[in-house]
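Trainee: One structure follows; several queries about it will come next.
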Amino acid sequence: MSVDTATVRHIAKLARLAMSDAEVDALVPELNNILGWVEQLGEVDTSGIEPLATVIDQKLRLRDDVIDADPLTGGNVRDKVLLNAPDAQHGFFAVPKVIE
């Protein structure tokens with residue numbers, strides 16, 4: 001695949017970027033070099049390699065999903081929190097309607 005000035009102008013228009021003629025002319029070879037590197041990656045034989053998300057095998061450390069009864073660090077403080085609300089209705093913060 002090759003990029004020309006018309007393609008760069010089209011991409012700039014889609015991205016809503018104002019570019020001068022000199023900037024467009026300078027960007028054409030840079031984008032072509034990048035696309036060349038991507039094509040080189042396609043030449044690498046990866047048939048025996050499993051896909052992975054990270055190089056290091058990581059495991060998530062999970063904790064029990066329990067509600068702490070301590071009022072400073074845990075749950076069961078809804079009524080205390082709603083005391084700070086300018087308007088609370090039915091146990092929730094009430095906010096003005098934004099969309100009409």
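Following the order of the structure tokens, chains are lettered A, B, ..., residues in each are numbered from 1, and ligands are numbered from 1.
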Write out as number ranges by chain which residues come within 12 Å of His90 in chain A when counting only C-alpha atoms, dropping same-chain ones fewer than 3 positions away.
Mentor: A: 78-79, 82, 87, 93-94
Trainee: Any idea what's packed within 8 Å of Val28 in chain A, counting only C-alpha atoms, ignoring anything in its chain fewer than 5 positions away? Could you give it as a list in words?
Mentor: Val3, Asp4, Thr5 and Val8 of chain A
Trainee: DSSP says alpha helix (DSSP H) for which residues of chain A? Put them as a PyMOL selection string?
Mentor: chain A and resi 5-14+21-42+78-82
Trainee: Tell me, as a ChimeraX atom specification, which residues lie within 9 Å of Gly36 in chain A, counting only C-alpha atoms; anything in the same chain fewer than 4 positions away does not count.
Mentor: /A:1-2,31-32,40-41
